[in-house]
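So this one's data-v5.cif, mmCIF, C-alpha atoms:
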data_work
#
loop_
_atom_site.group_PDB
_atom_site.id
_atom_site.type_symbol
_atom_site.label_atom_id
_atom_site.label_comp_id
_atom_site.auth_asym_id
_atom_site.auth_seq_id
_atom_site.Cartn_x
_atom_site.Cartn_y
_atom_site.Cartn_z
ATOM 1 C CA MET A 1 8.902 -5.783 -24.388
ATOM 2 C CA PRO A 2 6.022 -3.328 -24.991
ATOM 3 C CA HIS A 3 7.190 -0.137 -26.664
ATOM 4 C CA HIS A 4 5.923 2.234 -23.967
ATOM 5 C CA ARG A 5 8.197 0.682 -21.360
ATOM 6 C CA CYS A 6 11.249 1.503 -23.444
ATOM 7 C CA ALA A 7 9.958 4.948 -24.374
ATOM 8 C CA LEU A 8 9.114 6.236 -20.891
ATOM 9 C CA ALA A 9 11.964 8.510 -19.833
ATOM 10 C CA LEU A 10 12.660 11.178 -17.250
ATOM 11 C CA GLN A 11 11.207 14.323 -18.778
ATOM 12 C CA GLY A 12 10.853 16.967 -16.121
ATOM 13 C CA SER A 13 10.423 16.147 -12.446
ATOM 14 C CA VAL A 14 10.856 12.789 -10.761
ATOM 15 C CA GLY A 15 7.355 13.273 -9.342
ATOM 16 C CA ARG A 16 5.923 13.396 -12.845
ATOM 17 C CA ALA A 17 7.876 10.276 -13.832
ATOM 18 C CA LEU A 18 6.434 8.406 -10.846
ATOM 19 C CA VAL A 19 2.919 9.411 -11.896
ATOM 20 C CA GLU A 20 3.463 8.443 -15.536
ATOM 21 C CA ALA A 21 4.915 5.068 -14.553
ATOM 22 C CA GLY A 22 1.805 4.243 -12.506
ATOM 23 C CA CYS A 23 3.631 4.231 -9.177
ATOM 24 C CA VAL A 24 1.073 6.402 -7.354
ATOM 25 C CA ARG A 25 -1.985 4.648 -5.966
ATOM 26 C CA PHE A 26 -5.068 6.014 -4.248
ATOM 27 C CA ARG A 27 -7.694 3.913 -2.505
ATOM 28 C CA GLY A 28 -10.871 5.726 -1.588
ATOM 29 C CA ASP A 29 -12.561 3.028 0.479
ATOM 30 C CA GLU A 30 -9.941 2.813 3.230
ATOM 31 C CA PRO A 31 -6.455 4.201 3.898
ATOM 32 C CA PHE A 32 -3.237 2.367 3.264
ATOM 33 C CA ARG A 33 -1.642 0.972 6.411
ATOM 34 C CA LEU A 34 2.142 1.158 6.346
ATOM 35 C CA PRO A 35 4.249 -1.469 8.163
ATOM 36 C CA SER A 36 5.293 1.187 10.677
ATOM 37 C CA GLY A 37 1.663 1.695 11.735
ATOM 38 C CA TRP A 38 1.016 5.005 9.956
ATOM 39 C CA ALA A 39 -2.082 5.434 7.800
ATOM 40 C CA SER A 40 -1.926 7.219 4.460
ATOM 41 C CA PRO A 41 -4.460 8.052 1.722
ATOM 42 C CA VAL A 42 -1.892 7.304 -0.979
ATOM 43 C CA TYR A 43 0.785 4.703 -1.646
ATOM 44 C CA ILE A 44 3.914 4.748 -3.753
ATOM 45 C CA ASP A 45 5.150 1.620 -5.543
ATOM 46 C CA CYS A 46 8.659 2.419 -6.783
ATOM 47 C CA ARG A 47 9.316 -1.227 -7.628
ATOM 48 C CA ARG A 48 7.496 -0.698 -10.914
ATOM 49 C CA LEU A 49 10.317 1.530 -12.113
ATOM 50 C CA ILE A 50 12.688 -1.363 -12.799
ATOM 51 C CA SER A 51 10.519 -2.214 -15.844
ATOM 52 C CA TYR A 52 11.382 1.083 -17.566
ATOM 53 C CA PRO A 53 15.026 0.969 -18.724
ATOM 54 C CA ALA A 54 15.461 4.576 -19.867
ATOM 55 C CA LEU A 55 13.690 5.915 -16.783
ATOM 56 C CA ARG A 56 15.564 3.795 -14.263
ATOM 57 C CA ARG A 57 18.874 4.727 -15.916
ATOM 58 C CA ALA A 58 18.018 8.426 -15.666
ATOM 59 C CA LEU A 59 16.945 8.090 -12.024
ATOM 60 C CA VAL A 60 20.205 6.393 -11.074
ATOM 61 C CA GLN A 61 22.171 9.097 -12.883
ATOM 62 C CA ARG A 62 20.175 11.823 -11.167
ATOM 63 C CA GLY A 63 20.784 10.213 -7.788
ATOM 64 C CA VAL A 64 24.528 10.104 -8.384
ATOM 65 C CA GLN A 65 24.457 13.698 -9.614
ATOM 66 C CA LEU A 66 22.624 14.765 -6.451
ATOM 67 C CA LEU A 67 25.314 13.131 -4.327
ATOM 68 C CA ARG A 68 28.004 14.797 -6.419
ATOM 69 C CA GLU A 69 26.420 18.231 -6.055
ATOM 70 C CA ARG A 70 26.271 17.757 -2.300
ATOM 71 C CA GLY A 71 29.894 16.652 -2.127
ATOM 72 C CA ARG A 72 29.044 13.159 -0.883
ATOM 73 C CA LEU A 73 30.754 10.947 -3.460
ATOM 74 C CA ASP A 74 34.284 11.157 -2.114
ATOM 75 C CA GLY A 75 35.164 8.354 0.260
ATOM 76 C CA ILE A 76 32.378 5.886 -0.538
ATOM 77 C CA ASP A 77 33.875 2.411 -0.168
ATOM 78 C CA VAL A 78 30.753 0.283 -0.654
ATOM 79 C CA VAL A 79 27.216 0.707 -1.970
ATOM 80 C CA ALA A 80 24.706 -1.343 0.053
ATOM 81 C CA GLY A 81 21.294 -2.276 -1.301
ATOM 82 C CA ALA A 82 18.383 -2.648 1.103
ATOM 83 C CA GLU A 83 16.342 -5.839 0.701
ATOM 84 C CA SER A 84 14.455 -6.013 -1.495
ATOM 85 C CA GLY A 85 13.539 -2.809 -3.340
ATOM 86 C CA GLY A 86 16.985 -1.255 -3.069
ATOM 87 C CA ILE A 87 19.080 -4.132 -4.383
ATOM 88 C CA ALA A 88 18.710 -3.422 -8.102
ATOM 89 C CA TYR A 89 19.288 0.315 -7.673
ATOM 90 C CA ALA A 90 22.326 -0.278 -5.485
ATOM 91 C CA ALA A 91 23.798 -2.508 -8.199
ATOM 92 C CA TRP A 92 23.268 0.186 -10.843
ATOM 93 C CA VAL A 93 24.716 2.911 -8.603
ATOM 94 C CA ALA A 94 27.726 0.750 -7.701
ATOM 95 C CA GLU A 95 28.326 0.042 -11.387
ATOM 96 C CA LEU A 96 28.228 3.744 -12.187
ATOM 97 C CA LEU A 97 30.593 4.598 -9.332
ATOM 98 C CA GLU A 98 32.794 1.539 -9.953
ATOM 99 C CA VAL A 99 32.800 0.530 -6.290
ATOM 100 C CA PRO A 100 31.950 -2.762 -4.524
ATOM 101 C CA MET A 101 28.352 -3.593 -3.660
ATOM 102 C CA VAL A 102 26.650 -5.643 -0.963
ATOM 103 C CA TYR A 103 23.044 -6.042 0.034
ATOM 104 C CA VAL A 104 21.494 -6.125 3.493
ATOM 105 C CA ARG A 105 18.772 -8.580 4.459
ATOM 106 C CA LYS A 106 15.837 -7.610 6.624
ATOM 107 C CA GLU A 107 16.638 -10.493 8.961
ATOM 108 C CA ALA A 108 19.834 -12.353 9.785
ATOM 109 C CA ARG A 109 20.556 -15.737 8.275
ATOM 110 C CA GLY A 110 23.194 -17.524 10.259
ATOM 111 C CA ILE A 111 25.305 -16.105 13.048
ATOM 112 C CA GLY A 112 27.981 -13.479 13.331
ATOM 113 C CA PRO A 113 28.151 -9.724 12.761
ATOM 114 C CA SER A 114 27.690 -10.077 8.989
ATOM 115 C CA ALA A 115 24.747 -12.486 9.086
ATOM 116 C CA GLN A 116 22.458 -9.926 7.442
ATOM 117 C CA ILE A 117 24.909 -8.886 4.764
ATOM 118 C CA VAL A 118 25.478 -10.596 1.422
ATOM 119 C CA GLY A 119 28.848 -9.724 -0.066
ATOM 120 C CA GLU A 120 32.103 -8.573 1.482
ATOM 121 C CA ILE A 121 32.003 -5.811 4.059
ATOM 122 C CA ARG A 122 35.096 -4.694 5.980
ATOM 123 C CA THR A 123 35.588 -2.854 9.241
ATOM 124 C CA GLY A 124 35.709 0.858 8.565
ATOM 125 C CA ASP A 125 34.022 0.705 5.162
ATOM 126 C CA ARG A 126 32.136 3.911 4.417
ATOM 127 C CA VAL A 127 28.758 2.922 3.046
ATOM 128 C CA LEU A 128 26.147 4.484 0.809
ATOM 129 C CA LEU A 129 22.863 2.728 1.643
ATOM 130 C CA VAL A 130 20.390 2.664 -1.260
ATOM 131 C CA ASP A 131 16.670 1.880 -1.145
ATOM 132 C CA ASP A 132 13.678 2.604 -3.336
ATOM 133 C CA MET A 133 11.683 4.559 -0.756
ATOM 134 C CA MET A 134 11.421 5.641 2.882
ATOM 135 C CA ALA A 135 8.361 6.297 5.008
ATOM 136 C CA ALA A 136 9.035 6.219 8.761
ATOM 137 C CA GLY A 137 12.659 5.082 8.617
ATOM 138 C CA ARG A 138 12.294 1.973 10.765
ATOM 139 C CA SER A 139 13.461 -0.494 8.134
ATOM 140 C CA LYS A 140 16.398 1.809 7.365
ATOM 141 C CA ALA A 141 17.361 1.630 11.029
ATOM 142 C CA VAL A 142 17.441 -2.176 10.760
ATOM 143 C CA PHE A 143 19.780 -1.973 7.771
ATOM 144 C CA CYS A 144 21.990 0.656 9.410
ATOM 145 C CA ALA A 145 22.247 -1.466 12.562
ATOM 146 C CA ALA A 146 23.327 -4.520 10.550
ATOM 147 C CA LEU A 147 25.991 -2.563 8.689
ATOM 148 C CA SER A 148 27.202 -0.921 11.889
ATOM 149 C CA GLU A 149 27.423 -4.266 13.666
ATOM 150 C CA ALA A 150 29.626 -5.520 10.823
ATOM 151 C CA GLY A 151 31.983 -2.598 11.431
ATOM 152 C CA ALA A 152 30.883 -0.336 8.569
ATOM 153 C CA VAL A 153 29.935 3.341 8.768
ATOM 154 C CA VAL A 154 26.727 4.423 7.043
ATOM 155 C CA ARG A 155 27.512 7.909 5.747
ATOM 156 C CA ASP A 156 24.632 8.461 3.338
ATOM 157 C CA LEU A 157 21.185 7.136 2.496
ATOM 158 C CA LEU A 158 19.884 7.519 -1.056
ATOM 159 C CA VAL A 159 16.224 6.826 -1.841
ATOM 160 C CA LEU A 160 14.172 7.444 -4.941
ATOM 161 C CA PHE A 161 11.217 8.580 -2.854
ATOM 162 C CA ASP A 162 10.849 9.879 0.691
ATOM 163 C CA TYR A 163 7.358 10.315 2.120
ATOM 164 C CA GLY A 164 8.683 13.441 3.802
ATOM 165 C CA THR A 165 5.766 13.329 6.202
ATOM 166 C CA PHE A 166 6.629 11.090 9.139
ATOM 167 C CA PRO A 167 9.358 11.700 11.730
ATOM 168 C CA THR A 168 12.470 9.704 10.793
ATOM 169 C CA GLN A 169 15.057 11.527 12.893
ATOM 170 C CA ALA A 170 14.530 9.389 15.996
ATOM 171 C CA ALA A 171 14.739 6.124 14.062
ATOM 172 C CA LEU A 172 18.044 7.114 12.435
ATOM 173 C CA SER A 173 19.549 9.227 15.216
ATOM 174 C CA ARG A 174 22.073 6.575 16.229
ATOM 175 C CA TRP A 175 23.773 6.689 12.815
ATOM 176 C CA GLN A 176 22.770 10.119 11.519
ATOM 177 C CA PRO A 177 23.255 9.398 7.821
ATOM 178 C CA ALA A 178 22.803 12.233 5.372
ATOM 179 C CA VAL A 179 19.492 11.493 3.621
ATOM 180 C CA HIS A 180 19.111 12.192 -0.100
ATOM 181 C CA ALA A 181 15.779 11.748 -1.891
ATOM 182 C CA LEU A 182 14.827 12.377 -5.505
ATOM 183 C CA ALA A 183 11.177 13.142 -4.715
ATOM 184 C CA THR A 184 8.593 13.509 -1.936
ATOM 185 C CA TRP A 185 4.802 13.614 -1.909
ATOM 186 C CA ARG A 186 4.885 17.353 -2.538
ATOM 187 C CA GLU A 187 6.589 16.851 -5.917
ATOM 188 C CA VAL A 188 4.070 14.134 -6.720
ATOM 189 C CA LEU A 189 1.176 16.401 -5.753
ATOM 190 C CA ASP A 190 2.470 19.082 -8.131
ATOM 191 C CA ALA A 191 2.733 16.462 -10.889
ATOM 192 C CA LEU A 192 -0.780 15.163 -10.239
ATOM 193 C CA ARG A 193 -2.164 18.681 -10.499
ATOM 194 C CA GLY A 194 -0.277 19.261 -13.730
ATOM 195 C CA THR A 195 -1.286 16.037 -15.460
ATOM 196 C CA GLY A 196 -4.857 15.613 -14.260
ATOM 197 C CA ALA A 197 -4.004 12.026 -13.339
ATOM 198 C CA ALA A 198 -5.986 12.037 -10.083
ATOM 199 C CA ALA A 199 -9.551 12.821 -9.095
ATOM 200 C CA GLU A 200 -10.217 16.032 -7.193
ATOM 201 C CA THR A 201 -11.307 14.027 -4.152
ATOM 202 C CA ASP A 202 -7.992 12.152 -4.149
ATOM 203 C CA LEU A 203 -6.050 15.401 -4.446
ATOM 204 C CA ALA A 204 -8.034 16.858 -1.559
ATOM 205 C CA ASP A 205 -7.246 13.811 0.594
ATOM 206 C CA LEU A 206 -3.548 14.087 -0.227
ATOM 207 C CA GLN A 207 -3.526 17.810 0.584
ATOM 208 C CA ALA A 208 -5.230 17.153 3.910
ATOM 209 C CA PHE A 209 -2.732 14.420 4.701
ATOM 210 C CA LEU A 210 0.257 16.627 3.875
ATOM 211 C CA ALA A 211 -1.109 19.422 6.045
ATOM 212 C CA ASP A 212 -1.076 17.185 9.144
ATOM 213 C CA PRO A 213 0.285 13.642 8.531
ATOM 214 C CA PRO A 214 0.155 12.423 12.185
ATOM 215 C CA GLY A 215 -3.298 13.900 12.677
ATOM 216 C CA TRP A 216 -4.629 12.404 9.420
ATOM 217 C CA SER A 217 -3.154 9.035 10.327
ATOM 218 C CA GLY A 218 -4.662 9.064 13.809
ATOM 219 C CA ARG A 219 -8.114 10.013 12.487
ATOM 220 C CA HIS A 220 -7.996 7.127 10.016
ATOM 221 C CA GLY A 221 -6.955 4.291 12.294
ATOM 222 C CA GLY A 222 -3.164 4.650 12.191
ATOM 223 C CA ILE A 223 -0.707 5.773 14.808
ATOM 224 C CA ALA A 224 -0.621 9.475 15.543
ATOM 225 C CA ALA A 225 2.771 10.086 17.137
#
Representation of the structure as structure tokens:
Amino acid sequence: MPHHRCALALQGSVGRALVEAGCVRFRGDEPFRLPSGWASPVYIDCRRLISYPALRRALVQRGVQLLRERGRLDGIDVVAGAESGGIAYAAWVAELLEVPMVYVRKEARGIGPSAQIVGEIRTGDRVLLVDDMMAAGRSKAVFCAALSEAGAVVRDLLVLFDYGTFPTQAALSRWQPAVHALATWREVLDALRGTGAAAETDLADLQAFLADPPGWSGRHGGIAA
């Protein structure tokens, strides 16, 4: 394994760690189109983080610490990983908390209320759902619905990164989980300014996007509401 992968650790903000790990991507020729239909000038690829052992360990520990500080650790029966980016992180969180783990598929395989769930889930289980990132919340609604149908209660949602720009309340209103994120685009923007890792034009695009995400999306071919 190349030395830099082992050496990269969480020094400072999570936003800076995402920048240093190469998770932040700009594309000047055309915007990124998210599965939900939104357009964005920048994309986050948190899946890269699994290649950095010290960093991923620190991120998992920080996530658990955030939940502890907010008083959300008591009563968690199961940690559920969202397919596919959340599975590894859910396993690490479950190991740290010493609780059972399942993962939730994007689509059902088979029949029955647990057809989307791999592992044992019981009626009344209080679930911490873990994923790598969240944009519009629609995929999280799919996972919450599957867990709810199996009789579980989704109390909390932990993500490494939340766009923090698109409305997610409507998508998750049925379950109303408490959402916990380690970083948003605003932390990344601060890190980009501090490290000089992005061109001024890219920073300007990101600032314009953050000032009016629906408007920016609509002007660049994405949905606007």
Specify the axis-aligned box that encloses all atoms of stretch 90-104 of chain A listed in the file after padding of 3 Å on each side, stating its centre and edge lengths in Å to one decimal as AutoDock Vina command-line options.
--center_x 27.1 --center_y -0.8 --center_z -4.3 --size_x 17.3 --size_y 16.7 --size_z 21.7
Contacts of A:Ala17 within 10 Å, all atoms listed in the file, excl. fewer than 6 positions in-chain, as a ChimeraX atom specification: /A:8-11,23,49,55,59,188,191
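With only C-alpha atoms as the atoms that count, the minimum distance from A:Arg33 to the choices A:Ala135, A:Ala82, A:Val142, A:Ala58 is reached by A:Ala135.
Applied to the shown file, the PyMOL selection byres ((chain A and resi 156) around 8) selects the residues Arg72, Val127, Leu128, Leu129, Val154, Arg155, Leu157, Leu158, Pro177, Ala178, Val179 and His180 of chain A.
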Write out as a Markdown table a residue-level contact list of stretch 72-113 of chain A versus stretch 145-151 of chain A with cut-off 12 Å: for each qualifying residue the closest pair of atoms and the distance in Å to one decimal, counting only C-alpha atoms, rows sorted by chain and residue number upward.
| residue | atom | partner | partner_atom | distance |
| --- | --- | --- | --- | --- |
| A:Val78 | CA | A:Leu147 | CA | 10.9 |
| A:Val79 | CA | A:Leu147 | CA | 11.2 |
| A:Ala80 | CA | A:Leu147 | CA | 8.8 |
| A:Gly81 | CA | A:Leu147 | CA | 11.0 |
| A:Ala82 | CA | A:Leu147 | CA | 10.7 |
| A:Val102 | CA | A:Leu147 | CA | 10.2 |
| A:Tyr103 | CA | A:Leu147 | CA | 9.8 |
| A:Val104 | CA | A:Ala146 | CA | 7.5 |
| A:Arg105 | CA | A:Ala146 | CA | 8.6 |
| A:Lys106 | CA | A:Ala146 | CA | 9.0 |
| A:Glu107 | CA | A:Ala146 | CA | 9.1 |
| A:Ala108 | CA | A:Ala146 | CA | 8.6 |
| A:Arg109 | CA | A:Ala146 | CA | 11.8 |
| A:Ile111 | CA | A:Ala150 | CA | 11.6 |
| A:Gly112 | CA | A:Ala150 | CA | 8.5 |
| A:Pro113 | CA | A:Ala150 | CA | 4.9 |
Residues matched by the PyMOL selection byres ((chain A and resi 94) around 12), written as a VMD selection string: chain A and resid 60 to 61 63 to 64 73 76 to 81 86 to 93 95 to 103 127 to 130
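Put simply, atom CA of A:Leu172 is 18.7 Å away from atom CA of A:Asp125.
The nearest approach to A:Gly218 among the residues A:Met133, A:Ala171, A:Leu34, A:Ala39, with all atoms listed in the file taken into account, belongs to A:Ala39.
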Result set, the PyMOL selection byres ((chain A and resi 29-31) around 8) on current file, as an mmCIF file with C-alpha atoms, in the frame of the given file:
data_model
loop_
_atom_site.group_PDB
_atom_site.id
_atom_site.type_symbol
_atom_site.label_atom_id
_atom_site.label_comp_id
_atom_site.auth_asym_id
_atom_site.auth_seq_id
_atom_site.Cartn_x
_atom_site.Cartn_y
_atom_site.Cartn_z
ATOM 1 C CA ARG A 27 -7.694 3.913 -2.505
ATOM 2 C CA GLY A 28 -10.871 5.726 -1.588
ATOM 3 C CA PHE A 32 -3.237 2.367 3.264
ATOM 4 C CA ARG A 33 -1.642 0.972 6.411
ATOM 5 C CA ALA A 39 -2.082 5.434 7.800
ATOM 6 C CA SER A 40 -1.926 7.219 4.460
ATOM 7 C CA PRO A 41 -4.460 8.052 1.722
ATOM 8 C CA VAL A 42 -1.892 7.304 -0.979
ATOM 9 C CA HIS A 220 -7.996 7.127 10.016
#
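As for atom CA of A:Arg138 and atom CA of A:Ala183, they are spaced 19.1 Å apart.
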Neighbour list for A:Arg5 as a list in words, cut-off 8 Å, all atoms listed in the file, skip fewer than 5 positions in-chain: Ser51, Tyr52 and Pro53 of chain A
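The shell of residues at most 6 Å from stretch 204-217 of chain A, with all atoms listed in the file counted and near chain neighbours (fewer than 4 positions) removed, consists of Trp38, Ala39, Thr165, Gly222 and Ala224 of chain A.
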Nearest candidate to A:Val14 (options A:Val159, A:Ile117, A:Met134, A:Ala197; using all atoms listed in the file): A:Val159
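Counting only C-alpha atoms and comparing A:Ser114, A:Cys6, A:Phe166, A:Leu192, the residue that lies closest to A:Arg56 is A:Cys6.
For the set A:Lys140, A:Thr195, A:Ser13, A:Glu187, the residue with the smallest atom-to-atom gap to A:Ala170 is A:Lys140, counting all atoms listed in the file.
Distance-wise, atom CA of A:Ala21 and atom CA of A:Glu200 end up 20.1 Å apart.
Of the listed residues (A:Arg219, A:Arg25, A:Arg16, A:Arg186), A:Arg25 comes nearest to A:Ile44; the distances count all atoms listed in the file.
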Please, could all heavy atoms be added to stretch 196-206 of chain A and the result written as a PDB file, keeping the file's coordinate frame?
ATOM      1  N   GLY A 196      -3.458  16.021 -14.370  1.00  0.00           N
ATOM      2  CA  GLY A 196      -4.857  15.613 -14.260  1.00  0.00           C
ATOM      3  C   GLY A 196      -5.012  14.119 -14.059  1.00  0.00           C
ATOM      4  O   GLY A 196      -6.046  13.543 -14.413  1.00  0.00           O
ATOM      5  N   ALA A 197      -4.003  13.477 -13.475  1.00  0.00           N
ATOM      6  CA  ALA A 197      -4.004  12.026 -13.339  1.00  0.00           C
ATOM      7  C   ALA A 197      -4.736  11.533 -12.096  1.00  0.00           C
ATOM      8  O   ALA A 197      -4.794  10.330 -11.865  1.00  0.00           O
ATOM      9  CB  ALA A 197      -2.564  11.519 -13.318  1.00  0.00           C
ATOM     10  N   ALA A 198      -5.276  12.441 -11.298  1.00  0.00           N
ATOM     11  CA  ALA A 198      -5.986  12.037 -10.083  1.00  0.00           C
ATOM     12  C   ALA A 198      -7.290  12.808  -9.963  1.00  0.00           C
ATOM     13  O   ALA A 198      -7.406  13.947 -10.425  1.00  0.00           O
ATOM     14  CB  ALA A 198      -5.117  12.286  -8.853  1.00  0.00           C
ATOM     15  N   ALA A 199      -8.263  12.173  -9.334  1.00  0.00           N
ATOM     16  CA  ALA A 199      -9.551  12.821  -9.095  1.00  0.00           C
ATOM     17  C   ALA A 199      -9.391  13.938  -8.064  1.00  0.00           C
ATOM     18  O   ALA A 199      -8.483  13.906  -7.231  1.00  0.00           O
ATOM     19  CB  ALA A 199     -10.557  11.789  -8.598  1.00  0.00           C
ATOM     20  N   GLU A 200     -10.290  14.901  -8.129  1.00  0.00           N
ATOM     21  CA  GLU A 200     -10.217  16.032  -7.193  1.00  0.00           C
ATOM     22  C   GLU A 200     -10.346  15.562  -5.745  1.00  0.00           C
ATOM     23  O   GLU A 200      -9.711  16.120  -4.846  1.00  0.00           O
ATOM     24  CB  GLU A 200     -11.314  17.047  -7.515  1.00  0.00           C
ATOM     25  CG  GLU A 200     -11.052  17.842  -8.782  1.00  0.00           C
ATOM     26  CD  GLU A 200      -9.779  18.671  -8.700  1.00  0.00           C
ATOM     27  OE1 GLU A 200      -9.481  19.187  -7.599  1.00  0.00           O
ATOM     28  OE2 GLU A 200      -9.080  18.790  -9.722  1.00  0.00           O
ATOM     29  N   THR A 201     -11.161  14.540  -5.515  1.00  0.00           N
ATOM     30  CA  THR A 201     -11.307  14.027  -4.152  1.00  0.00           C
ATOM     31  C   THR A 201     -10.000  13.426  -3.648  1.00  0.00           C
ATOM     32  O   THR A 201      -9.652  13.580  -2.477  1.00  0.00           O
ATOM     33  CB  THR A 201     -12.426  12.980  -4.089  1.00  0.00           C
ATOM     34  OG1 THR A 201     -12.179  11.958  -5.081  1.00  0.00           O
ATOM     35  CG2 THR A 201     -13.784  13.607  -4.336  1.00  0.00           C
ATOM     36  N   ASP A 202      -9.282  12.732  -4.538  1.00  0.00           N
ATOM     37  CA  ASP A 202      -7.992  12.152  -4.149  1.00  0.00           C
ATOM     38  C   ASP A 202      -6.980  13.247  -3.854  1.00  0.00           C
ATOM     39  O   ASP A 202      -6.209  13.158  -2.883  1.00  0.00           O
ATOM     40  CB  ASP A 202      -7.468  11.246  -5.260  1.00  0.00           C
ATOM     41  CG  ASP A 202      -8.270   9.964  -5.404  1.00  0.00           C
ATOM     42  OD1 ASP A 202      -8.882   9.533  -4.408  1.00  0.00           O
ATOM     43  OD2 ASP A 202      -8.276   9.392  -6.513  1.00  0.00           O
ATOM     44  N   LEU A 203      -6.965  14.289  -4.679  1.00  0.00           N
ATOM     45  CA  LEU A 203      -6.050  15.401  -4.446  1.00  0.00           C
ATOM     46  C   LEU A 203      -6.367  16.098  -3.123  1.00  0.00           C
ATOM     47  O   LEU A 203      -5.457  16.490  -2.390  1.00  0.00           O
ATOM     48  CB  LEU A 203      -6.127  16.404  -5.592  1.00  0.00           C
ATOM     49  CG  LEU A 203      -5.576  15.952  -6.945  1.00  0.00           C
ATOM     50  CD1 LEU A 203      -5.790  17.038  -7.993  1.00  0.00           C
ATOM     51  CD2 LEU A 203      -4.094  15.597  -6.834  1.00  0.00           C
ATOM     52  N   ALA A 204      -7.639  16.225  -2.820  1.00  0.00           N
ATOM     53  CA  ALA A 204      -8.034  16.858  -1.559  1.00  0.00           C
ATOM     54  C   ALA A 204      -7.571  16.026  -0.367  1.00  0.00           C
ATOM     55  O   ALA A 204      -7.101  16.571   0.644  1.00  0.00           O
ATOM     56  CB  ALA A 204      -9.546  17.053  -1.523  1.00  0.00           C
ATOM     57  N   ASP A 205      -7.707  14.695  -0.479  1.00  0.00           N
ATOM     58  CA  ASP A 205      -7.246  13.811   0.594  1.00  0.00           C
ATOM     59  C   ASP A 205      -5.733  13.945   0.784  1.00  0.00           C
ATOM     60  O   ASP A 205      -5.246  13.996   1.916  1.00  0.00           O
ATOM     61  CB  ASP A 205      -7.595  12.355   0.281  1.00  0.00           C
ATOM     62  CG  ASP A 205      -9.034  12.014   0.632  1.00  0.00           C
ATOM     63  OD1 ASP A 205      -9.651  12.779   1.392  1.00  0.00           O
ATOM     64  OD2 ASP A 205      -9.522  10.970   0.157  1.00  0.00           O
ATOM     65  N   LEU A 206      -5.000  13.974  -0.322  1.00  0.00           N
ATOM     66  CA  LEU A 206      -3.548  14.087  -0.227  1.00  0.00           C
ATOM     67  C   LEU A 206      -3.145  15.425   0.385  1.00  0.00           C
ATOM     68  O   LEU A 206      -2.239  15.488   1.222  1.00  0.00           O
ATOM     69  CB  LEU A 206      -2.916  13.910  -1.609  1.00  0.00           C
ATOM     70  CG  LEU A 206      -1.382  14.014  -1.691  1.00  0.00           C
ATOM     71  CD1 LEU A 206      -0.715  13.087  -0.683  1.00  0.00           C
ATOM     72  CD2 LEU A 206      -0.910  13.726  -3.100  1.00  0.00           C
TER      73      LEU A 206
END
